[in-house]
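Heads up, start_33.txt below (compact mmCIF, C-alpha atoms):
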```txt
# COMPACT_ATOMS: atom_id res chain seq x y z
CA MET A 1 -18.39 -15.58 14.56
CA THR A 2 -17.20 -12.06 15.33
CA PRO A 3 -14.46 -10.13 13.51
CA PRO A 4 -10.98 -9.73 14.99
CA LYS A 5 -10.85 -7.14 17.74
CA PRO A 6 -9.21 -3.83 16.81
CA GLU A 7 -5.63 -3.39 17.93
CA TRP A 8 -6.51 -0.80 20.59
CA VAL A 9 -8.47 -3.28 22.76
CA THR A 10 -6.72 -4.96 25.70
CA HIS A 11 -4.11 -7.59 24.83
CA ASP A 12 -3.13 -10.62 26.86
CA ALA A 13 0.26 -10.66 25.15
CA VAL A 14 2.11 -9.94 21.93
CA TRP A 15 4.40 -12.10 19.83
CA ILE A 16 7.43 -10.19 18.52
CA GLY A 17 9.89 -11.73 16.09
CA TYR A 18 13.54 -11.68 17.19
CA PRO A 19 16.22 -11.35 14.47
CA SER A 20 17.87 -14.76 14.39
CA HIS A 21 19.60 -15.35 11.05
CA ALA A 22 22.96 -13.65 10.51
CA GLU A 23 22.91 -14.59 6.83
CA LEU A 24 19.76 -12.51 6.33
CA TRP A 25 20.66 -9.50 8.49
CA LEU A 26 24.45 -9.31 7.96
CA ASP A 27 25.85 -6.15 9.59
CA ASP A 28 22.36 -5.10 10.67
CA LEU A 29 21.79 -8.11 12.93
CA ASP A 30 23.09 -6.63 16.17
CA PRO A 31 21.58 -3.13 15.77
CA ALA A 32 18.28 -4.64 14.59
CA ARG A 33 18.19 -6.71 17.77
CA ASP A 34 18.74 -3.52 19.78
CA GLU A 35 15.80 -1.85 18.01
CA VAL A 36 13.56 -4.88 18.54
CA VAL A 37 14.38 -5.00 22.27
CA ALA A 38 13.74 -1.26 22.62
CA PHE A 39 10.34 -1.76 20.97
CA ALA A 40 9.56 -4.74 23.21
CA ARG A 41 10.57 -2.81 26.33
CA ALA A 42 8.29 0.09 25.38
CA VAL A 43 5.35 -2.28 24.84
CA HIS A 44 6.01 -4.06 28.15
CA ALA A 45 6.20 -0.65 29.88
CA ASP A 46 7.69 -1.98 33.14
CA GLY A 47 4.71 -4.30 33.57
CA ARG A 48 2.04 -1.66 32.85
CA GLY A 49 1.66 -2.86 29.28
CA GLU A 50 1.32 -6.42 28.09
CA THR A 51 3.25 -9.67 28.25
CA VAL A 52 5.93 -9.67 25.55
CA ILE A 53 6.79 -12.97 23.91
CA LEU A 54 9.99 -12.73 21.87
CA VAL A 55 10.06 -15.50 19.26
CA ALA A 56 13.58 -16.68 18.40
CA ALA A 57 14.35 -19.13 15.61
CA ASN A 58 17.12 -21.07 17.33
CA ALA A 59 18.76 -21.68 20.71
CA ASP A 60 21.61 -19.19 20.25
CA SER A 61 19.21 -16.38 19.35
CA ALA A 62 16.96 -17.32 22.26
CA ASP A 63 19.92 -17.04 24.65
CA ASP A 64 20.77 -13.63 23.19
CA ALA A 65 17.16 -12.49 23.64
CA ARG A 66 17.14 -13.60 27.29
CA GLN A 67 20.25 -11.55 28.00
CA ARG A 68 18.98 -8.41 26.28
CA ALA A 69 15.31 -8.63 27.35
CA PRO A 70 14.97 -10.21 30.82
CA PHE A 71 11.46 -8.74 31.08
CA ALA A 72 10.18 -10.86 28.17
CA GLN A 73 9.10 -14.45 27.73
CA ILE A 74 11.23 -16.24 25.16
CA VAL A 75 9.85 -18.86 22.78
CA THR A 76 12.04 -20.84 20.40
CA GLU A 77 10.30 -21.80 17.15
CA ALA A 78 11.95 -22.18 13.76
CA PHE A 79 11.01 -19.48 11.28
CA GLY A 80 12.40 -17.87 8.16
CA ASP A 81 12.31 -14.26 9.36
CA ILE A 82 10.74 -12.01 11.96
CA TRP A 83 7.65 -10.70 10.14
CA LEU A 84 5.07 -12.31 12.45
CA ARG A 85 2.35 -9.85 11.44
CA ASP A 86 2.25 -11.80 8.17
CA THR A 87 3.18 -15.34 9.21
CA GLY A 88 1.65 -15.42 12.69
CA PRO A 89 -2.02 -16.24 13.32
CA ILE A 90 -4.78 -13.65 13.27
CA VAL A 91 -6.69 -14.11 16.52
CA GLY A 92 -10.41 -13.59 15.96
CA GLY A 93 -12.94 -12.00 18.25
CA ASP A 94 -13.89 -15.39 19.71
CA GLY A 95 -10.26 -16.34 20.45
CA THR A 96 -9.83 -18.62 17.44
CA ALA A 97 -6.42 -18.37 15.78
CA HIS A 98 -6.84 -18.06 12.02
CA ALA A 99 -3.95 -19.49 10.02
CA PHE A 100 -3.79 -18.71 6.32
CA ARG A 101 -1.55 -20.08 3.62
CA PHE A 102 1.71 -18.19 3.13
CA ASN A 103 3.86 -18.16 -0.01
CA GLY A 104 6.68 -15.76 0.82
CA TRP A 105 4.94 -12.55 -0.26
CA GLY A 106 4.10 -13.81 -3.70
CA GLY A 107 7.08 -16.15 -4.03
CA LYS A 108 9.76 -13.55 -3.31
CA TYR A 109 11.19 -15.02 -0.10
CA ASP A 110 10.58 -18.73 0.42
CA LEU A 111 12.11 -19.37 3.84
CA PRO A 112 11.78 -22.57 5.90
CA GLY A 113 9.35 -22.39 8.80
CA ASP A 114 7.39 -19.35 7.66
CA ASP A 115 4.57 -21.42 6.19
CA ASP A 116 3.51 -22.97 9.52
CA ILE A 117 4.91 -20.72 12.28
CA GLY A 118 1.41 -19.32 12.82
CA ARG A 119 -0.11 -22.69 13.64
CA ARG A 120 2.80 -23.58 15.93
CA LEU A 121 2.58 -20.30 17.88
CA ALA A 122 -1.17 -20.70 18.30
CA ALA A 123 -0.79 -24.28 19.49
CA GLY A 124 1.84 -23.16 21.99
CA ARG A 125 -0.72 -20.77 23.52
CA GLY A 126 -3.43 -23.43 23.56
CA LEU A 127 -5.55 -21.59 21.01
CA SER A 128 -8.01 -23.32 18.74
CA VAL A 129 -6.75 -23.05 15.16
CA ALA A 130 -8.85 -22.55 12.03
CA ALA A 131 -6.81 -23.24 8.89
CA HIS A 132 -7.81 -21.45 5.68
CA ASP A 133 -6.82 -22.47 2.17
CA TRP A 134 -6.09 -19.08 0.62
CA ILE A 135 -3.20 -16.67 0.92
CA VAL A 136 -3.40 -13.49 2.93
CA GLU A 137 -0.88 -11.83 5.24
CA GLY A 138 -1.87 -10.00 8.41
CA GLY A 139 -0.19 -6.82 7.21
CA ALA A 140 -2.59 -6.73 4.26
CA LEU A 141 -5.61 -6.19 6.53
CA ASP A 142 -6.58 -3.68 9.21
CA GLY A 143 -9.97 -3.75 10.90
CA ASP A 144 -11.85 -1.34 13.15
CA GLY A 145 -13.68 -4.00 15.19
CA THR A 146 -17.12 -3.30 13.71
CA GLY A 147 -16.76 -5.59 10.71
CA LEU A 148 -15.04 -2.98 8.54
CA VAL A 149 -11.60 -3.83 7.12
CA VAL A 150 -9.24 -1.82 4.91
CA THR A 151 -6.90 -3.42 2.37
CA THR A 152 -5.21 -2.65 -0.96
CA GLU A 153 -6.01 -3.95 -4.40
CA GLN A 154 -2.30 -4.15 -5.17
CA CYS A 155 -1.79 -6.84 -2.55
CA LEU A 156 -5.03 -8.72 -1.95
CA LEU A 157 -5.92 -9.00 -5.63
CA ASN A 158 -2.37 -9.70 -6.77
CA SER A 159 -2.09 -12.72 -9.06
CA ASN A 160 1.01 -13.85 -7.15
CA ARG A 161 -1.19 -14.62 -4.13
CA ASN A 162 -4.54 -16.02 -5.29
CA PRO A 163 -4.64 -16.16 -9.11
CA GLY A 164 -7.98 -15.08 -10.52
CA PHE A 165 -9.20 -13.52 -7.26
CA THR A 166 -11.79 -10.83 -7.84
CA ARG A 167 -13.06 -8.22 -5.40
CA ASP A 168 -16.23 -10.22 -4.92
CA ALA A 169 -14.31 -13.42 -4.22
CA ALA A 170 -12.00 -11.69 -1.74
CA GLU A 171 -14.90 -10.01 0.04
CA GLU A 172 -16.75 -13.31 0.36
CA ARG A 173 -13.71 -15.06 1.84
CA LEU A 174 -13.12 -12.21 4.28
CA ARG A 175 -16.76 -12.47 5.34
CA GLN A 176 -16.70 -16.25 5.71
CA ASP A 177 -13.34 -16.61 7.45
CA LEU A 178 -12.95 -13.40 9.50
CA ALA A 179 -16.48 -11.97 9.68
CA TYR A 180 -15.51 -8.76 7.88
CA ASP A 181 -18.73 -7.59 6.24
CA ARG A 182 -17.48 -4.32 4.71
CA VAL A 183 -14.25 -3.75 2.78
CA LEU A 184 -12.62 -0.38 2.10
CA TRP A 185 -10.50 -0.96 -0.99
CA LEU A 186 -7.47 1.29 -1.38
CA GLY A 187 -5.34 1.12 -4.52
CA ASP A 188 -1.56 0.81 -4.35
CA GLY A 189 0.71 0.70 -1.34
CA LEU A 190 4.07 2.39 -0.89
CA LEU A 191 6.71 2.50 -3.60
CA ASN A 192 9.20 -0.42 -3.53
CA ASP A 193 7.31 -2.29 -0.82
CA HIS A 194 8.22 -5.95 -1.41
CA THR A 195 4.92 -6.98 0.21
CA ASP A 196 3.12 -5.58 -2.85
CA GLY A 197 1.50 -2.79 -0.91
CA HIS A 198 0.56 -3.93 2.58
CA VAL A 199 -2.02 -1.62 4.06
CA ASP A 200 -0.31 -1.42 7.48
CA ASN A 201 2.38 0.74 5.89
CA LEU A 202 -0.25 3.06 4.39
CA ALA A 203 -3.50 3.28 6.36
CA ARG A 204 -4.51 2.23 9.87
CA PHE A 205 -7.74 2.38 11.80
CA VAL A 206 -7.36 4.37 15.02
CA GLY A 207 -11.00 4.14 16.08
CA PRO A 208 -14.31 2.85 14.71
CA ASN A 209 -14.70 4.23 11.18
CA ARG A 210 -11.65 6.46 11.80
CA LEU A 211 -8.65 5.97 9.49
CA ALA A 212 -5.18 7.47 9.81
CA LEU A 213 -3.40 8.28 6.54
CA PRO A 214 -0.10 10.05 5.78
CA GLU A 215 0.06 13.65 4.65
CA ALA A 216 2.66 13.87 1.90
CA ALA A 217 5.96 15.57 2.65
CA GLU A 218 7.85 17.72 0.18
CA ASN A 219 9.25 15.61 -2.69
CA ASP A 220 7.39 12.58 -1.31
CA PRO A 221 7.59 9.57 -3.68
CA ASN A 222 4.22 8.33 -2.43
CA TRP A 223 2.19 11.53 -2.70
CA ARG A 224 -0.13 10.14 -5.39
CA VAL A 225 -0.70 6.99 -3.34
CA TYR A 226 -1.69 9.07 -0.30
CA GLN A 227 -3.92 11.33 -2.38
CA ASP A 228 -5.75 8.38 -3.94
CA ALA A 229 -6.13 6.58 -0.59
CA ALA A 230 -7.65 9.67 1.07
CA ALA A 231 -10.09 10.18 -1.80
CA ARG A 232 -11.25 6.56 -1.65
CA ALA A 233 -11.59 6.58 2.13
CA GLU A 234 -13.58 9.81 2.19
CA ALA A 235 -15.85 8.58 -0.63
CA PHE A 236 -16.45 5.39 1.39
CA GLY A 237 -17.58 7.50 4.33
CA VAL A 238 -14.81 6.97 6.89
CA GLU A 239 -13.30 9.81 8.89
CA VAL A 240 -9.74 10.48 7.72
CA VAL A 241 -7.08 11.69 10.15
CA ARG A 242 -3.82 12.86 8.58
CA VAL A 243 -0.40 12.25 10.11
CA PRO A 244 3.03 13.24 8.76
CA SER A 245 4.89 11.17 6.21
CA PRO A 246 8.67 10.76 6.52
CA GLY A 247 8.85 11.46 2.81
CA ARG A 248 11.79 10.17 0.81
CA VAL A 249 13.58 7.55 2.91
CA LEU A 250 16.70 6.13 1.28
CA SER A 251 18.73 2.98 1.82
CA PRO A 252 22.54 3.22 2.20
CA ASP A 253 22.83 2.68 -1.55
CA GLU A 254 20.37 5.54 -2.24
CA GLU A 255 17.35 3.37 -3.13
CA ILE A 256 13.91 4.62 -2.09
CA ILE A 257 12.59 2.33 0.65
CA PRO A 258 9.09 2.15 2.19
CA GLY A 259 9.74 3.94 5.47
CA SER A 260 6.46 4.89 7.12
CA HIS A 261 5.28 6.17 10.49
CA MET A 262 2.09 4.19 9.82
CA ASN A 263 3.84 0.97 10.88
CA PHE A 264 3.13 1.85 14.52
CA TYR A 265 1.96 -0.61 17.18
CA ILE A 266 -0.91 0.03 19.63
CA GLY A 267 -0.12 -1.65 22.95
CA ASN A 268 -2.07 -1.69 26.19
CA ALA A 269 -0.09 1.20 27.63
CA THR A 270 2.06 2.48 24.79
CA VAL A 271 1.78 3.39 21.13
CA VAL A 272 5.19 2.89 19.51
CA VAL A 273 5.90 4.92 16.36
CA PRO A 274 8.82 4.05 14.05
CA LEU A 275 11.22 6.91 13.33
CA TYR A 276 13.90 7.25 10.66
CA GLY A 277 15.74 10.44 11.50
CA THR A 278 13.67 12.56 9.14
CA GLY A 279 12.25 16.00 9.76
CA SER A 280 8.82 14.48 10.40
CA ASP A 281 9.82 12.46 13.48
CA ASP A 282 8.70 14.87 16.22
CA ALA A 283 5.54 15.86 14.37
CA ALA A 284 4.58 12.21 13.88
CA VAL A 285 4.90 11.46 17.59
CA ALA A 286 2.83 14.56 18.40
CA ALA A 287 0.16 13.54 15.89
CA PHE A 288 -0.23 10.09 17.39
CA ALA A 289 -0.24 11.55 20.91
CA ALA A 290 -3.28 13.58 19.89
CA ILE A 291 -4.97 10.49 18.42
CA PHE A 292 -4.24 8.31 21.47
CA PRO A 293 -4.48 10.63 24.51
CA ASP A 294 -4.89 7.69 26.91
CA HIS A 295 -1.63 6.03 25.86
CA ASP A 296 2.00 6.90 26.23
CA VAL A 297 3.26 7.58 22.70
CA VAL A 298 6.90 6.74 22.11
CA GLY A 299 8.95 7.26 18.97
CA LEU A 300 11.82 4.83 18.41
CA ARG A 301 14.33 4.50 15.61
CA ALA A 302 13.72 1.56 13.28
CA ASP A 303 16.34 2.12 10.58
CA HIS A 304 17.96 -1.31 10.91
CA ILE A 305 14.68 -3.23 11.10
CA LEU A 306 13.67 -1.40 7.92
CA THR A 307 16.67 -2.88 6.08
CA GLY A 308 14.81 -6.19 6.34
CA GLY A 309 11.70 -4.66 4.78
CA GLY A 310 9.39 -3.58 7.62
CA SER A 311 9.03 -2.05 11.05
CA PHE A 312 7.38 -2.48 14.46
CA HIS A 313 3.91 -3.48 13.29
CA CYS A 314 5.34 -5.96 10.80
CA ILE A 315 7.29 -7.86 13.46
CA SER A 316 4.46 -8.11 16.00
CA GLN A 317 1.14 -9.92 16.34
CA GLN A 318 -1.09 -9.22 19.34
CA ILE A 319 -3.11 -11.77 21.30
CA PRO A 320 -6.32 -10.01 22.38
CA ALA A 321 -7.67 -10.58 25.86
CA ALA A 322 -10.54 -13.06 26.04
```

Rewrite the coordinates I just gave you, this time as structure tokens.
Amino acid sequence: MTPPKPEWVTHDAVWIGYPSHAELWLDDLDPARDEVVAFARAVHADGRGETVILVAANADSADDARQRAPFAQIVTEAFGDIWLRDTGPIVGGDGTAHAFRFNGWGGKYDLPGDDDIGRRLAAGRGLSVAAHDWIVEGGALDGDGTGLVVTTEQCLLNSNRNPGFTRDAAEERLRQDLAYDRVLWLGDGLLNDHTDGHVDNLARFVGPNRLALPEAAENDPNWRVYQDAAARAEAFGVEVVRVPSPGRVLSPDEEIIPGSHMNFYIGNATVVVPLYGTGSDDAAVAAFAAIFPDHDVVGLRADHILTGGGSFHCISQQIPAA
């Protein structure tokens, strides 16, 4: 067994969740759909990128997706919400789709269909499925393709996922089920992240043994988190590349929300960076352009997707080429 391929290798396709439930999105439904389609279009890149599969939860949403995104394939499968990074399968290096248990991010959001959408999507692609009996979401892990994975203690060792899990137990399961033989443990994730600190909002591999981390902005609520993550990564021996943080991102009711440029997606042709209208937007795009000189780097607004709790990486799950 080989570990999952890193996100920068060639993809056959990508699943992207399409906002489908008006009762969850309320006034943000229509603008969130616009942001999702803009993201999907950038990843498709007029055919230079990869096949985009928009996953809609019902027939009406599928019809809406066809009208807005004629370049995409549309799949209709019932799900609770669009966060396919967490509920979709993790496709391993040998093409096996790994499906883990899912409990609504520690019991916070128990929505019908989310517990088995991963197996259904994999079956629809004709992938062999390996089912695993412990809870882990795709957004909690990020690998560099060599067997090294980064995660956070706050999420992977949280008692609301796998009670009694220790570092040793988690490392053994990661080795057995995904062939990760080295684990870089970071501490906490971003403030007010309902995922309990998913690593894909904090730290991402951008090359073998090369980790991107935010550089704190002025008055940044996560500055201690970034400082601790950088210290742990450097002590572990990985190369750290710093990119701007958007700093203090607020909801309409002035709550701090976990806006992060780290929730970017690496496509075949395009790297798509989420933007929030902060002073860091242009600098973030420039930083990722320097990291990925062989890709087009596009910054797109993700304010309305963020009202649901995530961004572009959270709503997508790539299918690596065989």

Item to check | Test item: residues at most 7 Å from Ala13 (chain A), all atoms listed in the file, excluding those fewer than 2 positions along its chain, as an MDAnalysis selection string | outcome: chainID A and resid 11 15 50:52 318:319

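Comparing A:Leu54, A:Leu213, A:Asp220, A:Phe236 by their smallest distance to Phe288 (chain A), the closest is A:Leu213 (using only C-alpha atoms).
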
With a cut-off of 12 Å, could you pull out the residues of region 163-197 of chain A touching region 241-262 of chain A and give me the nearest pair of atoms for each, distance in Å to one decimal, using all atoms listed in the file, ordered by chain and ascending number, as a Markdown table?
```
| residue | atom | partner | partner_atom | distance |
| --- | --- | --- | --- | --- |
| A:Gly189 | CA | A:Pro258 | CA | 9.2 |
| A:Leu190 | CA | A:Pro258 | CA | 5.9 |
| A:Leu191 | CA | A:Pro258 | CA | 6.3 |
| A:Asn192 | CA | A:Ile257 | CA | 6.0 |
| A:Asp193 | CA | A:Pro258 | CA | 5.7 |
| A:His194 | CA | A:Pro258 | CA | 8.9 |
| A:Thr195 | CA | A:Pro258 | CA | 10.2 |
| A:Asp196 | CA | A:Pro258 | CA | 11.0 |
| A:Gly197 | CA | A:Pro258 | CA | 9.6 |
```

Item to check | Straight-line distance linking CA of Ala32 (chain A) with CA of Asp303 (chain A), stated in Å to one decimal | outcome: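 Separation of CA of Ala32 (chain A) and CA of Asp303 (chain A): 8.1 Å.
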
Item to check | Contacts of Gly106 (chain A) at 7 Å (only C-alpha atoms; same-chain gap of 3+ positions) as a list in words | outcome: Asn103, Asn160 and Arg161 of chain A
